[in-house]
Amino acid sequence: MNPVNYLYLSALLFTIGAAGVLIRRNAIVVFMCVELMLNAANLAFVTFSRLHGNLDGQIIAFFTMVVAAAEVVVGLAIIVTIFRSRHSASVDDASLMKL
Amino acid sequence: MITPLAAAYTTSTGEAFQFWVLGTVAVLGALGTVLMKKAVHSALSLAGTMIVLAVFYLAQGAYFLGVVQIVVYTGAIMMLFLFVVMLVGITAADSLKETLKGQRWLAALTGIGFGILLMVGIGNASLGNFTGLGQANAKGNVEGLAALIFTKYVWAFEITGALLITAAVGAMVLTHRERTERRSTQRELSEQRVREGRQVPPLPAPGVYARHNAVDIPGLLPDGTPSALTVSDTLRARGQVRDVSGEALSDLAELEQRTAERLGRKPSRKEVGK
């Protein structure tokens, strides 16, 4: 097997995550799909690290993980705050600024 | 299981087998994340996908990242997700109503188009031969990463620390709620209950005739109808209340009938049906 298949898998997972962000209405599930996309990108980074034979790709994947952790903390706090004020986690209900 | 990665243009059969089996699992998990109706099921599917990715990292020579993936992603981040699902979850059932007409189909179509584009792009890229990490990992994967982090990427690493602190402070600021009025004491609460006069004594207990004492079974009123007061609001909101009143009544009717037969009386349906 050619290791390029890892890149195809990564692209597939990223696509599924992107479609999920567009399709789902529940803010938590949308957020999980964003995480899936980040993970797919990480898989691509690790595969490229293997392709080039140096560890820079793994470092970038490591930083992606750190940023993802920070993003999850703030994002979930925002979801909890919105849920408190609107009693709903649906992205359709947060439409205060819509005309 | 973890293959030597020296000349890695084609992987070993073991890794190929692992890829095809676990890759299927990863894709199924991703699809489950998108398609499952309940947020908890989505979270569990995503956790499965993340564990599979951790195995792939290990198989590709990223030993440190494989472990970090399990500890940080499936350990910390998914637990955070589950906590929020627990806080928000009860009423967070996804509405199946489309606010924009045809949005779901268009989104799926966009996704498929994007995927095809991405895959064709990868297929046409001249990626060259895989070098493999045998040389880069020669002194150990963690040592190699550490050498890079603390020399070439030390600035990014320090900025990351600032980012994490900002995120922690931000989360605290966002979720902190200032109490605007004094918490009412137990005495004030009881006085308020009496003043309102709605439910002065404690709420009645769930359960039927000492046979079902589960909390999801409403107690019966004297006329045999279930009382909504006896089960918690949460169970009612989730629609998880089990109503056994009909069953209890039919059991009672059967008992009455058997008694009547034994005593040689004519069973009177009127009495039982009440």
# chains A, B, ... in the order shown; residues from 1 in each chain; ligands from 1
>>> closest_atom_pairs(of="chain A", to="chain B", cutoff="6 Å", atoms="only C-alpha atoms", output="Markdown table")
| residue | atom | partner | partner_atom | distance |
| --- | --- | --- | --- | --- |
| A:Met1 | CA | B:Thr10 | CA | 5.3 |
| A:Asn2 | CA | B:Thr10 | CA | 4.8 |
| A:Thr15 | CA | B:Gly115 | CA | 5.3 |
| A:Ala19 | CA | B:Gly111 | CA | 4.9 |
| A:Gly20 | CA | B:Val34 | CA | 5.0 |
| A:Leu22 | CA | B:Ala107 | CA | 5.7 |
| A:Ile23 | CA | B:Arg104 | CA | 5.4 |
| A:Asn26 | CA | B:Asp94 | CA | 5.6 |
| A:Arg50 | CA | B:Gly132 | CA | 4.8 |
| A:Leu51 | CA | B:Phe130 | CA | 4.2 |
| A:His52 | CA | B:Thr131 | CA | 5.6 |
| A:Gly53 | CA | B:Leu133 | CA | 4.8 |
| A:Asn54 | CA | B:Ala136 | CA | 5.5 |
| A:Ala70 | CA | B:Ala167 | CA | 5.4 |
| A:Val74 | CA | B:Ala171 | CA | 5.1 |
| A:Ala77 | CA | B:Ala171 | CA | 5.4 |
| A:Ala89 | CA | B:Ala92 | CA | 5.7 |
>>> atom_distance(atom1="atom CA of Ala260 of chain B", atom2="atom CA of Asp243 of chain B")
27.7 Å
>>> select_by_dssp(residues="segment 6-243 of chain B", states="alpha helix (DSSP H)", output="PyMOL selection string")
chain B and resi 13-35+39-59+63-68+78-88+103-124+141-149+154-175+186-196+233-238
>>> closest_residue(among="A:Val4, A:Leu55, A:Leu13, A:Val46", to="Ala138 of chain B", atoms="only C-alpha atoms")
A:Leu55
>>> residues_around(residues="Val244 of chain B", least_positions_apart="6", cutoff="12 Å", atoms="only C-alpha atoms", output="list of chain:residue names")
B:Pro206, B:Gly207, B:Val208, B:Tyr209, B:Arg211, B:His212, B:Asn213, B:Ala214, B:Asp216, B:Ile217, B:Pro218, B:Gly219, B:Leu220, B:Gly224, B:Thr225, B:Pro226, B:Ser227, B:Ser250, B:Asp251
